[in-house]
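K.L.:
For reference, the file run-v3.cif (mmCIF, C-alpha atoms) is included below:
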data_model
#
loop_
_atom_site.label_atom_id
_atom_site.label_comp_id
_atom_site.auth_asym_id
_atom_site.auth_seq_id
_atom_site.Cartn_x
_atom_site.Cartn_y
_atom_site.Cartn_z
CA MET L 1385 57.28 83.66 135.68
CA GLY L 1386 58.28 80.03 136.03
CA ALA L 1387 57.73 80.16 139.81
CA VAL L 1388 54.21 81.57 139.37
CA LEU L 1389 53.36 78.84 136.89
CA ALA L 1390 54.64 76.15 139.28
CA MET L 1391 52.48 77.56 142.08
CA LEU L 1392 49.38 77.46 139.88
CA LEU L 1393 50.05 73.83 139.03
CA VAL L 1394 50.31 72.99 142.75
CA VAL L 1395 47.00 74.74 143.40
CA LEU L 1396 45.32 72.82 140.59
CA ALA L 1397 46.74 69.51 141.82
CA MET L 1398 46.00 69.83 145.53
CA GLY L 1399 43.14 72.23 145.82
CA TYR L 1400 40.19 69.78 145.89
CA ASP L 1401 37.90 72.02 147.92
CA ILE L 1402 38.33 75.21 145.95
CA PRO L 1403 35.52 76.46 143.69
CA SER L 1404 35.54 75.27 140.10
CA TRP L 1405 35.67 78.80 138.72
CA VAL L 1406 38.95 79.31 140.58
CA ARG L 1407 40.29 76.13 139.01
CA TRP L 1408 39.30 77.29 135.56
CA LEU L 1409 40.72 80.75 136.16
CA SER L 1410 44.01 79.29 137.38
CA LEU L 1411 44.12 76.92 134.42
CA GLY L 1412 43.54 79.74 131.94
CA PHE L 1413 46.11 81.92 133.61
CA GLY L 1414 48.60 79.05 133.54
CA LEU L 1415 47.97 78.38 129.86
CA TRP L 1416 48.47 82.07 129.12
CA MET L 1417 51.80 81.99 130.98
CA ILE L 1418 52.87 78.87 129.08
CA ILE L 1419 52.16 80.68 125.81
CA LEU L 1420 54.22 83.64 126.99
CA ILE L 1421 57.09 81.37 128.00
CA VAL L 1422 57.04 79.55 124.65
CA SER L 1423 56.92 82.86 122.76
CA ALA L 1424 59.81 84.27 124.80
CA SER L 1425 61.76 81.07 124.23
CA ARG L 1426 61.27 81.38 120.49
CA THR L 1427 62.42 85.02 120.63
CA VAL L 1428 65.50 84.04 122.58
CA ARG L 1429 66.29 81.23 120.13
CA ARG L 1430 65.83 83.60 117.18
CA GLU L 1431 68.09 86.21 118.78
CA LEU L 1432 70.62 83.52 119.58
CA TRP L 1433 70.51 82.28 115.98
CA GLU L 1434 70.91 85.83 114.66
CA SER L 1435 73.84 86.40 117.02
CA LYS L 1436 75.49 83.21 115.84
CA SER L 1437 74.92 84.23 112.21
CA ALA L 1438 76.39 87.68 112.83
CA LEU L 1439 79.37 86.13 114.60
CA LYS L 1440 79.88 83.74 111.69
CA ARG L 1441 79.73 86.61 109.18
CA ALA L 1442 82.21 88.61 111.27
CA ARG L 1443 84.58 85.66 111.42
CA ASN L 1444 84.27 85.12 107.66
CA GLN L 1445 85.03 88.81 107.05
CA ARG L 1446 87.97 88.61 109.43
CA ASP L 1447 89.30 85.51 107.67
CA GLU L 1448 88.80 87.20 104.29
CA MET L 1449 90.71 90.29 105.42
CA LYS L 1450 93.48 88.06 106.78
CA ARG L 1451 93.73 86.34 103.38
CA TYR L 1452 93.98 89.73 101.66
CA PHE L 1453 96.60 90.86 104.17
CA HIS L 1454 98.73 87.74 103.76
CA ALA L 1455 98.35 87.87 99.96
CA LEU L 1456 99.78 91.40 99.99
CA MET L 1457 102.49 90.51 102.49
CA ASP L 1458 103.56 87.49 100.44
CA THR L 1459 103.53 89.06 96.96
CA LEU L 1460 104.44 92.76 97.19
CA PRO L 1461 108.11 93.41 96.38
CA THR L 1462 108.04 96.40 98.72
CA TRP L 1463 109.38 95.80 102.23
CA ILE L 1464 106.61 95.94 104.85
CA TYR L 1465 107.23 95.69 108.57
CA PHE L 1466 105.56 96.27 111.94
CA LYS L 1467 107.58 96.94 115.11
CA ASP L 1468 106.83 97.24 118.81
CA ARG L 1469 107.90 100.15 121.02
CA GLU L 1470 111.36 98.57 121.37
CA SER L 1471 111.75 98.51 117.58
CA LYS L 1472 111.54 94.73 117.47
CA PHE L 1473 109.73 93.16 114.55
CA LEU L 1474 106.14 92.08 115.15
CA GLN L 1475 105.46 91.17 111.53
CA VAL L 1476 107.39 91.40 108.25
CA ASN L 1477 106.51 90.46 104.71
CA LYS L 1478 108.21 87.88 102.53
CA ALA L 1479 110.17 90.41 100.44
CA LEU L 1480 111.96 91.84 103.49
CA ALA L 1481 112.58 88.39 104.95
CA ASP L 1482 114.02 87.15 101.65
CA TYR L 1483 116.32 90.17 101.45
CA SER L 1484 117.46 89.50 105.04
CA GLY L 1485 118.10 85.83 104.26
CA MET L 1486 115.48 84.58 106.73
CA THR L 1487 111.84 83.60 106.92
CA PRO L 1488 109.24 86.04 108.26
CA GLU L 1489 108.82 83.85 111.35
CA GLU L 1490 112.56 83.91 112.06
CA MET L 1491 112.62 87.73 112.03
CA ILE L 1492 109.90 88.12 114.67
CA GLY L 1493 111.38 89.48 117.90
CA LYS L 1494 114.57 90.68 116.23
CA SER L 1495 115.53 94.28 115.42
CA ASP L 1496 117.53 96.17 112.81
CA ALA L 1497 120.61 95.63 114.96
CA ASP L 1498 120.48 91.95 113.95
CA PHE L 1499 120.68 92.80 110.23
CA LEU L 1500 122.33 96.21 109.77
CA GLU L 1501 125.54 97.90 110.79
CA PRO L 1502 125.29 99.82 114.10
CA GLU L 1503 125.20 103.24 112.39
CA SER L 1504 122.14 102.39 110.28
CA ALA L 1505 120.42 100.46 113.08
CA ASN L 1506 120.88 103.35 115.53
CA LYS L 1507 119.56 105.86 113.00
CA ASN L 1508 116.44 103.76 112.41
CA ARG L 1509 115.91 103.43 116.15
CA GLN L 1510 116.16 107.19 116.68
CA ASP L 1511 113.65 107.79 113.86
CA GLU L 1512 111.21 105.38 115.49
CA ILE L 1513 111.68 106.89 118.96
CA GLN L 1514 110.76 110.28 117.49
CA ILE L 1515 107.65 108.83 115.83
CA LEU L 1516 106.60 107.15 119.09
CA ALA L 1517 107.03 110.44 120.98
CA SER L 1518 105.37 112.75 118.45
CA GLY L 1519 102.72 110.44 117.00
CA GLU L 1520 103.63 111.73 113.54
CA GLY L 1521 105.10 109.69 110.73
CA ARG L 1522 107.72 110.44 108.10
CA GLU L 1523 106.77 110.20 104.44
CA ARG L 1524 108.84 109.18 101.41
CA PHE L 1525 112.42 109.88 102.46
CA ILE L 1526 115.51 108.17 101.05
CA GLU L 1527 117.94 106.62 103.51
CA LYS L 1528 121.09 104.56 103.16
CA GLU L 1529 121.38 101.24 104.93
CA ASN L 1530 124.86 99.88 105.72
CA LEU L 1531 124.69 96.13 105.31
CA PRO L 1532 126.74 93.67 107.38
CA GLY L 1533 129.79 92.46 105.51
CA GLY L 1534 130.01 95.63 103.42
CA GLY L 1535 127.85 97.21 100.78
CA ASP L 1536 125.12 99.80 100.91
CA ALA L 1537 121.42 99.76 100.08
CA TRP L 1538 119.28 102.82 99.38
CA VAL L 1539 115.61 102.63 100.33
CA LEU L 1540 112.63 104.95 99.85
CA THR L 1541 110.80 104.78 103.18
CA SER L 1542 107.59 105.90 104.85
CA LYS L 1543 107.06 105.27 108.58
CA SER L 1544 104.00 105.83 110.78
CA PRO L 1545 102.91 105.14 114.37
CA LEU L 1546 101.15 101.80 114.99
CA ARG L 1547 98.04 102.18 117.17
CA ASP L 1548 95.76 99.70 118.95
CA HIS L 1549 91.94 99.74 118.88
CA ARG L 1550 91.92 102.46 121.57
CA GLY L 1551 94.23 104.73 119.60
CA ARG L 1552 97.24 104.16 121.86
CA ILE L 1553 100.62 104.01 120.11
CA ILE L 1554 102.02 100.52 120.52
CA GLY L 1555 104.81 100.66 117.96
CA THR L 1556 105.60 101.71 114.40
CA PHE L 1557 105.14 100.33 110.92
CA GLY L 1558 106.79 101.18 107.66
CA VAL L 1559 107.02 100.57 103.94
CA SER L 1560 110.38 100.65 102.18
CA SER L 1561 111.29 100.19 98.53
CA ASN L 1562 114.77 99.19 97.49
CA VAL L 1563 115.84 101.99 95.15
CA THR L 1564 119.55 101.18 95.14
CA GLU L 1565 119.70 100.77 91.35
CA MET L 1566 117.82 104.05 90.80
CA VAL L 1567 120.08 106.01 93.18
CA GLU L 1568 123.23 104.50 91.68
CA ALA L 1569 121.99 105.30 88.16
CA LYS L 1570 121.20 108.87 89.26
CA ASN L 1571 124.65 109.26 90.79
CA ALA L 1572 126.27 107.87 87.64
CA LEU L 1573 124.21 110.25 85.50
CA GLU L 1574 125.23 113.22 87.64
CA LYS L 1575 128.86 112.15 87.36
CA GLU L 1576 128.57 111.94 83.59
CA HIS L 1577 126.79 115.29 83.51
CA ASN L 1578 129.58 116.90 85.53
CA THR L 1579 132.20 115.32 83.26
CA LEU L 1580 130.39 116.57 80.17
CA ARG L 1581 130.02 120.04 81.67
CA THR L 1582 133.74 120.16 82.48
CA LEU L 1583 134.53 119.07 78.93
CA LEU L 1584 132.18 121.63 77.35
CA ASP L 1585 133.52 124.48 79.47
CA SER L 1586 137.11 123.59 78.67
CA ILE L 1587 136.54 123.92 74.90
CA PRO L 1588 137.39 127.46 73.70
CA ASP L 1589 134.76 127.37 70.92
CA SER L 1590 131.19 128.43 71.56
CA ILE L 1591 128.88 125.43 71.95
CA TYR L 1592 125.12 125.56 72.40
CA ILE L 1593 121.94 123.55 71.85
CA ARG L 1594 118.59 125.15 71.03
CA ASP L 1595 115.19 123.40 71.11
CA VAL L 1596 112.48 123.56 68.43
CA GLU L 1597 111.22 126.83 69.92
CA GLY L 1598 114.64 128.41 69.48
CA GLU L 1599 115.39 128.50 73.23
CA TYR L 1600 118.87 127.63 74.50
CA ILE L 1601 118.86 124.45 76.58
CA ILE L 1602 122.64 123.94 76.78
CA ALA L 1603 125.50 126.41 76.47
CA ASN L 1604 129.16 126.28 77.40
CA LYS L 1605 131.30 128.84 79.16
CA ALA L 1606 132.79 130.17 75.92
CA PHE L 1607 129.35 130.94 74.50
CA ALA L 1608 128.29 132.66 77.76
CA GLU L 1609 131.38 134.88 77.56
CA PHE L 1610 130.68 135.54 73.88
CA ALA L 1611 127.06 136.45 74.70
CA GLY L 1612 128.18 138.72 77.52
CA VAL L 1613 126.36 136.94 80.38
CA PRO L 1614 127.85 135.83 83.73
CA SER L 1615 127.50 132.05 83.28
CA PRO L 1616 126.09 129.35 80.96
CA ALA L 1617 123.07 129.04 83.29
CA ASP L 1618 122.10 132.61 82.38
CA VAL L 1619 121.71 131.59 78.74
CA ILE L 1620 119.19 128.79 79.36
CA GLY L 1621 115.64 129.67 78.28
CA LEU L 1622 116.68 132.66 76.18
CA THR L 1623 116.66 132.90 72.37
CA PRO L 1624 118.93 134.50 69.77
CA TYR L 1625 116.70 137.60 69.96
CA ASP L 1626 118.16 138.23 73.42
CA PHE L 1627 121.69 138.51 71.98
CA TYR L 1628 121.47 139.50 68.32
CA PRO L 1629 119.68 142.10 66.18
CA ASN L 1630 116.26 140.90 65.06
CA ASP L 1631 117.28 140.23 61.46
CA ILE L 1632 120.28 138.11 62.50
CA ALA L 1633 118.26 136.26 65.17
CA ALA L 1634 115.49 135.53 62.66
CA ARG L 1635 118.07 134.15 60.20
CA TYR L 1636 119.53 131.85 62.88
CA LEU L 1637 116.13 130.49 63.80
CA LYS L 1638 115.25 129.98 60.14
CA GLU L 1639 118.44 127.94 59.75
CA ASP L 1640 117.45 125.93 62.85
CA ILE L 1641 114.09 125.07 61.29
CA ARG L 1642 115.78 124.03 58.06
CA VAL L 1643 118.12 121.67 59.93
CA ILE L 1644 115.23 120.24 61.96
CA ASN L 1645 113.01 119.67 58.93
CA THR L 1646 115.67 118.24 56.61
CA GLY L 1647 117.89 116.49 59.12
CA GLU L 1648 120.87 117.86 57.20
CA THR L 1649 123.86 119.40 58.93
CA LEU L 1650 124.68 123.01 58.17
CA ALA L 1651 128.47 122.82 58.31
CA ASN L 1652 131.23 125.35 57.73
CA HIS L 1653 128.68 128.13 57.50
CA ALA L 1654 130.45 131.48 57.87
CA HIS L 1655 128.66 134.65 58.85
CA SER L 1656 129.42 137.89 60.62
CA VAL L 1657 128.71 138.03 64.33
CA GLU L 1658 130.58 141.20 65.10
CA ASN L 1659 127.44 142.81 66.48
CA ALA L 1660 126.45 139.87 68.67
CA LYS L 1661 128.07 140.91 71.95
CA GLY L 1662 126.24 143.51 73.95
CA ILE L 1663 123.23 143.89 71.68
CA LYS L 1664 120.76 143.01 74.43
CA ARG L 1665 121.94 142.75 78.01
CA TYR L 1666 120.05 142.07 81.20
#
Represent the structure of the file as structure tokens.

P.N.:
Amino acid sequence: MGAVLAMLLVVLAMGYDIPSWVRWLSLGFGLWMIILIVSASRTVRRELWESKSALKRARNQRDEMKRYFHALMDTLPTWIYFKDRESKFLQVNKALADYSGMTPEEMIGKSDADFLEPESANKNRQDEIQILASGEGRERFIEKENLPGGGDAWVLTSKSPLRDHRGRIIGTFGVSSNVTEMVEAKNALEKEHNTLRTLLDSIPDSIYIRDVEGEYIIANKAFAEFAGVPSPADVIGLTPYDFYPNDIAARYLKEDIRVINTGETLANHAHSVENAKGIKRY
């Protein structure tokens, strides 16, 4: 279009012997082309401005998402980490870096082998190799980490494949929560439970606990033998009606309600239980 306009201008400038109507026609055509060029230029400038505005909005959104990401990475107490296909850290959050005694920047390019005992590091590596091969993550499993210099840490972990914008797996990422205190408390509770169970089963007297509905929630070995069932576990969830005649069972439950309502202990209460064993078996 620009070449055509230039040619018209040459004709108008040098064509002295051409008819006037041709001059006017060329001039009108040239003006029309100038208008088209100006209009197209405005359209291009508007599209360019809109493109720049869209790019600016995209950059602002990207910067905003980066701020959100770094805010989470810097404040969450959960360990967050991204690894490449060689299981080397690409990004870690502050909580994990603090636990490792380093800064997030210092951990980049390192692997679990730089922080954990070989057994734990190798196990993590094998887990990540499996995720890379299968494309499937592992959700909420508890694993033990052997720390350098002694000591163990228990973590609740979820791991997934890390993909690029084309969907190709380029590594793994995971979230781990330090649940050492919870696991140690659970182990201590189980130990106490086992100790209490051993103590209860070693006492020759019948011992039991019933809830407000009259169901047995705890019973020792002596009571199970007295009730004629294989083990204390077979007593749980049953009521006195499963072991005694209805009138005796009703009396026991009535006494339970009295103790619950008054808070007073019913001590040294003698009654006949000669018909208890074998009344109702299963």

K.L.:
Would you mind reading off the distance between atom CA of L:Ala1438 and atom CA of L:Phe1453, one decimal, in Å?

P.N.:
22.2 Å

K.L.:
Within 12 Å of stretch 1516-1525 of chain L, which residues of stretch 1465-1507 of chain L come that close, and what is the closest atom pair and distance in Å for each? Count only C-alpha atoms and give it as a tab-separated table.

P.N.:
residue	atom	partner	partner_atom	distance
L:Lys1467	CA	L:Leu1516	CA	11.0
L:Asp1468	CA	L:Leu1516	CA	9.9
L:Arg1469	CA	L:Leu1516	CA	7.4
L:Glu1470	CA	L:Leu1516	CA	10.1
L:Ser1471	CA	L:Leu1516	CA	10.2

K.L.:
Pick the closest to L:Lys1494 from L:Asn1506, L:Asn1578, L:Val1476, L:Ser1590: which is it, counting all atoms listed in the file?

P.N.:
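Closest residue, counting all atoms listed in the file: L:Val1476.
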
K.L.:
Could you work out how far atom CA of L:Phe1607 lies from atom CA of L:Leu1573, giving the answer in Å with one decimal?

P.N.:
24.0 Å

K.L.:
When the PyMOL selection byres ((chain L and resi 1600) around 9) is applied to the structure above, which residues does it catch, written out as a tab-separated table (two decimals) with C-alpha atoms, keeping the file's coordinate frame?

P.N.:
chain	number	residue	atom	x	y	z
L	1592	TYR	CA	125.12	125.56	72.40
L	1593	ILE	CA	121.94	123.55	71.85
L	1594	ARG	CA	118.59	125.15	71.03
L	1595	ASP	CA	115.19	123.40	71.11
L	1597	GLU	CA	111.22	126.83	69.92
L	1598	GLY	CA	114.64	128.41	69.48
L	1599	GLU	CA	115.39	128.50	73.23
L	1601	ILE	CA	118.86	124.45	76.58
L	1602	ILE	CA	122.64	123.94	76.78
L	1603	ALA	CA	125.50	126.41	76.47
L	1619	VAL	CA	121.71	131.59	78.74
L	1620	ILE	CA	119.19	128.79	79.36
L	1621	GLY	CA	115.64	129.67	78.28
L	1622	LEU	CA	116.68	132.66	76.18
L	1623	THR	CA	116.66	132.90	72.37
L	1624	PRO	CA	118.93	134.50	69.77

K.L.:
With a distance cut-off of 8 Å and only C-alpha atoms, select the neighbouring residues of stretch 1480-1487 of chain L, excluding the residue or stretch itself and same-chain residues fewer than 4 positions from it, and output the selection as a VMD selection string.

P.N.:
chain L and resid 1462 to 1465 1476 1491 1499

K.L.:
Could you tell me how far atom CA of L:Glu1568 lies from atom CA of L:Ile1526, in Å and to one decimal?

P.N.:
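Spanning atom CA of L:Glu1568 to atom CA of L:Ile1526 is a straight-line distance of 12.7 Å.
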
K.L.:
What do you get, as a PDB file with C-alpha atoms, in the coordinates of the input, if you spell out every residue that the PyMOL selection byres ((chain L and resi 1475) around 7) selects here?

P.N.:
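What ended up in expr36.pdb:
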ATOM      1  CA  TYR L1465     107.230  95.690 108.570  1.00  0.00           C
ATOM      2  CA  PHE L1466     105.560  96.270 111.940  1.00  0.00           C
ATOM      3  CA  PHE L1473     109.730  93.160 114.550  1.00  0.00           C
ATOM      4  CA  LEU L1474     106.140  92.080 115.150  1.00  0.00           C
ATOM      5  CA  VAL L1476     107.390  91.400 108.250  1.00  0.00           C
ATOM      6  CA  ASN L1477     106.510  90.460 104.710  1.00  0.00           C
ATOM      7  CA  ILE L1492     109.900  88.120 114.670  1.00  0.00           C
TER       8      ILE L1492
END

K.L.:
If the PyMOL selection byres ((chain L and resi 1588) around 10) were run on this exact file, what residues would it hold? Put them as a list of chain:residue names.

P.N.:
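In the shown coordinates, the PyMOL selection byres ((chain L and resi 1588) around 10) covers L:Leu1584, L:Asp1585, L:Ser1586, L:Ile1587, L:Asp1589, L:Ser1590, L:Ile1591, L:Asn1604, L:Lys1605, L:Ala1606, L:Phe1607.
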
K.L.:
List as a compact mmCIF listing (two decimals) with C-alpha atoms, in the coordinates of the input the residues having at least one atom at most 10 Å from position (128.0, 135.5, 78.2) as given in the file, counting all atoms listed in the file.

P.N.:
# COMPACT_ATOMS: atom_id res chain seq x y z
CA ALA L 1603 125.50 126.41 76.47
CA ASN L 1604 129.16 126.28 77.40
CA LYS L 1605 131.30 128.84 79.16
CA ALA L 1606 132.79 130.17 75.92
CA PHE L 1607 129.35 130.94 74.50
CA ALA L 1608 128.29 132.66 77.76
CA GLU L 1609 131.38 134.88 77.56
CA PHE L 1610 130.68 135.54 73.88
CA ALA L 1611 127.06 136.45 74.70
CA GLY L 1612 128.18 138.72 77.52
CA VAL L 1613 126.36 136.94 80.38
CA PRO L 1614 127.85 135.83 83.73
CA SER L 1615 127.50 132.05 83.28
CA PRO L 1616 126.09 129.35 80.96
CA ALA L 1617 123.07 129.04 83.29
CA ASP L 1618 122.10 132.61 82.38
CA VAL L 1619 121.71 131.59 78.74
CA PHE L 1627 121.69 138.51 71.98
CA LYS L 1661 128.07 140.91 71.95
CA GLY L 1662 126.24 143.51 73.95
CA ARG L 1665 121.94 142.75 78.01

K.L.:
Rebuild all heavy atoms on stretch 1635-1646 of chain L, as an mmCIF file, keeping the file's coordinate frame?

P.N.:
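For reference, rebuild.cif as written:
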data_model
loop_
_atom_site.group_PDB
_atom_site.id
_atom_site.type_symbol
_atom_site.label_atom_id
_atom_site.label_comp_id
_atom_site.auth_asym_id
_atom_site.auth_seq_id
_atom_site.Cartn_x
_atom_site.Cartn_y
_atom_site.Cartn_z
ATOM 1 N N ARG L 1635 117.336 135.008 61.142
ATOM 2 C CA ARG L 1635 118.070 134.150 60.200
ATOM 3 C C ARG L 1635 118.558 132.886 60.899
ATOM 4 O O ARG L 1635 118.466 131.795 60.356
ATOM 5 C CB ARG L 1635 119.246 134.923 59.615
ATOM 6 C CG ARG L 1635 119.967 134.172 58.482
ATOM 7 C CD ARG L 1635 121.084 135.022 57.936
ATOM 8 N NE ARG L 1635 122.178 135.085 58.911
ATOM 9 C CZ ARG L 1635 123.159 136.005 58.849
ATOM 10 N NH1 ARG L 1635 123.147 136.936 57.915
ATOM 11 N NH2 ARG L 1635 124.117 135.994 59.742
ATOM 12 N N TYR L 1636 119.050 133.022 62.137
ATOM 13 C CA TYR L 1636 119.530 131.850 62.880
ATOM 14 C C TYR L 1636 118.397 130.849 63.128
ATOM 15 O O TYR L 1636 118.563 129.635 62.956
ATOM 16 C CB TYR L 1636 120.141 132.276 64.213
ATOM 17 C CG TYR L 1636 121.479 132.974 64.093
ATOM 18 C CD1 TYR L 1636 122.044 133.632 65.182
ATOM 19 C CD2 TYR L 1636 122.178 132.981 62.881
ATOM 20 C CE1 TYR L 1636 123.268 134.272 65.089
ATOM 21 C CE2 TYR L 1636 123.401 133.623 62.776
ATOM 22 C CZ TYR L 1636 123.942 134.284 63.870
ATOM 23 O OH TYR L 1636 125.152 134.911 63.767
ATOM 24 N N LEU L 1637 117.249 131.376 63.516
ATOM 25 C CA LEU L 1637 116.130 130.490 63.800
ATOM 26 C C LEU L 1637 115.596 129.837 62.526
ATOM 27 O O LEU L 1637 115.148 128.688 62.546
ATOM 28 C CB LEU L 1637 115.008 131.257 64.510
ATOM 29 C CG LEU L 1637 115.362 131.777 65.911
ATOM 30 C CD1 LEU L 1637 114.195 132.547 66.516
ATOM 31 C CD2 LEU L 1637 115.770 130.638 66.833
ATOM 32 N N LYS L 1638 115.655 130.550 61.415
ATOM 33 C CA LYS L 1638 115.250 129.980 60.140
ATOM 34 C C LYS L 1638 116.179 128.828 59.759
ATOM 35 O O LYS L 1638 115.742 127.787 59.253
ATOM 36 C CB LYS L 1638 115.254 131.059 59.068
ATOM 37 C CG LYS L 1638 114.757 130.565 57.711
ATOM 38 C CD LYS L 1638 114.715 131.717 56.703
ATOM 39 C CE LYS L 1638 114.219 131.229 55.347
ATOM 40 N NZ LYS L 1638 114.186 132.354 54.351
ATOM 41 N N GLU L 1639 117.488 129.017 60.017
ATOM 42 C CA GLU L 1639 118.440 127.940 59.750
ATOM 43 C C GLU L 1639 118.172 126.741 60.674
ATOM 44 O O GLU L 1639 118.296 125.578 60.253
ATOM 45 C CB GLU L 1639 119.869 128.460 59.953
ATOM 46 C CG GLU L 1639 120.293 129.471 58.902
ATOM 47 C CD GLU L 1639 121.642 130.108 59.213
ATOM 48 O OE1 GLU L 1639 122.137 129.891 60.351
ATOM 49 O OE2 GLU L 1639 122.187 130.821 58.361
ATOM 50 N N ASP L 1640 117.785 127.023 61.934
ATOM 51 C CA ASP L 1640 117.450 125.930 62.850
ATOM 52 C C ASP L 1640 116.297 125.096 62.296
ATOM 53 O O ASP L 1640 116.335 123.852 62.320
ATOM 54 C CB ASP L 1640 117.057 126.489 64.230
ATOM 55 C CG ASP L 1640 118.255 127.034 64.986
ATOM 56 O OD1 ASP L 1640 119.397 126.853 64.527
ATOM 57 O OD2 ASP L 1640 118.035 127.640 66.060
ATOM 58 N N ILE L 1641 115.254 125.774 61.816
ATOM 59 C CA ILE L 1641 114.090 125.070 61.290
ATOM 60 C C ILE L 1641 114.458 124.228 60.082
ATOM 61 O O ILE L 1641 113.993 123.093 59.923
ATOM 62 C CB ILE L 1641 112.977 126.085 60.939
ATOM 63 C CG1 ILE L 1641 112.469 126.760 62.218
ATOM 64 C CG2 ILE L 1641 111.835 125.406 60.197
ATOM 65 C CD1 ILE L 1641 111.483 127.874 61.974
ATOM 66 N N ARG L 1642 115.335 124.772 59.246
ATOM 67 C CA ARG L 1642 115.780 124.030 58.060
ATOM 68 C C ARG L 1642 116.507 122.750 58.468
ATOM 69 O O ARG L 1642 116.251 121.680 57.910
ATOM 70 C CB ARG L 1642 116.697 124.911 57.220
ATOM 71 C CG ARG L 1642 117.352 124.181 56.048
ATOM 72 C CD ARG L 1642 118.354 125.072 55.356
ATOM 73 N NE ARG L 1642 119.176 124.316 54.417
ATOM 74 C CZ ARG L 1642 120.239 124.825 53.781
ATOM 75 N NH1 ARG L 1642 120.598 126.090 54.017
ATOM 76 N NH2 ARG L 1642 120.931 124.083 52.944
ATOM 77 N N VAL L 1643 117.379 122.857 59.468
ATOM 78 C CA VAL L 1643 118.120 121.670 59.930
ATOM 79 C C VAL L 1643 117.157 120.652 60.534
ATOM 80 O O VAL L 1643 117.277 119.441 60.300
ATOM 81 C CB VAL L 1643 119.193 122.084 60.948
ATOM 82 C CG1 VAL L 1643 119.820 120.854 61.597
ATOM 83 C CG2 VAL L 1643 120.278 122.930 60.270
ATOM 84 N N ILE L 1644 116.179 121.143 61.319
ATOM 85 C CA ILE L 1644 115.230 120.240 61.960
ATOM 86 C C ILE L 1644 114.364 119.522 60.927
ATOM 87 O O ILE L 1644 114.130 118.308 61.011
ATOM 88 C CB ILE L 1644 114.346 121.022 62.954
ATOM 89 C CG1 ILE L 1644 115.198 121.500 64.143
ATOM 90 C CG2 ILE L 1644 113.178 120.170 63.454
ATOM 91 C CD1 ILE L 1644 114.462 122.459 65.077
ATOM 92 N N ASN L 1645 113.905 120.251 59.927
ATOM 93 C CA ASN L 1645 113.010 119.670 58.930
ATOM 94 C C ASN L 1645 113.715 118.727 57.960
ATOM 95 O O ASN L 1645 113.142 117.721 57.550
ATOM 96 C CB ASN L 1645 112.303 120.775 58.142
ATOM 97 C CG ASN L 1645 111.309 121.543 58.989
ATOM 98 O OD1 ASN L 1645 110.808 121.030 59.994
ATOM 99 N ND2 ASN L 1645 111.018 122.770 58.602
ATOM 100 N N THR L 1646 114.960 119.050 57.602
ATOM 101 C CA THR L 1646 115.670 118.240 56.610
ATOM 102 C C THR L 1646 116.555 117.183 57.247
ATOM 103 O O THR L 1646 116.874 116.165 56.618
ATOM 104 C CB THR L 1646 116.533 119.124 55.699
ATOM 105 O OG1 THR L 1646 117.565 119.761 56.485
ATOM 106 C CG2 THR L 1646 115.674 120.184 55.023
#
